[in-house]
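S.K.: Once you've had a glance at the structure underneath, I'll fire off some questions.
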Amino acid sequence: MEAPRGLDDPEYAAFAWGRYRRVLARMALVAFAVAVLSVLVLWHWLGWLNFTLALATALGVFFTILLGAALMGLMFLSSGTGHDAQVEDLLRDQIEIGD
């Protein structure tokens, strides 16, 4: 029987997910700073901003950056832990893709 590797190993999985959460927390701080900066830039260019516009801009910028960071982090987590290499292609003999 093969020893567990990657995310199948509970100790390594805890380490990898902890690292992912730390990176995501840092990116949340960066996203918050950029969201505040974007509202300040709009205020500088346009003058007084309606609260709804400022809130929508800040939330849109914040969650766009956070979503991008989360998806990119999951991609690196999956690849870096060997999880991608563990996928078994059951159709490789049945479908020719032109390799």
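Naming works like this for the structure tokens: A, B, ... for the chains as they're shown, residue 1 at the start of each chain, ligands 1 onward in shown order.
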With only C-alpha atoms as the counted atoms, please give the residues lying no more than 12 Å from Gly82 in chain A, apart from itself and same-chain residues fewer than 2 positions off, as a PyMOL selection string.
M.R.: chain A and resi 4-9+12-13+16+75-80+84-87
S.K.: So that I can check the secondary structure, give me every residue of chain A assigned helix (DSSP H, G or I) by backbone DSSP, as a ChimeraX atom specification.
M.R.: /A:6-8,10-46,51-80,84-86
S.K.: Kindly give the distance, in Å, that separates CA of Arg19 in chain A and CA of Gly73 in chain A, rounded to a single decimal.
M.R.: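 Going from CA of Arg19 in chain A over to CA of Gly73 in chain A covers 9.8 Å.
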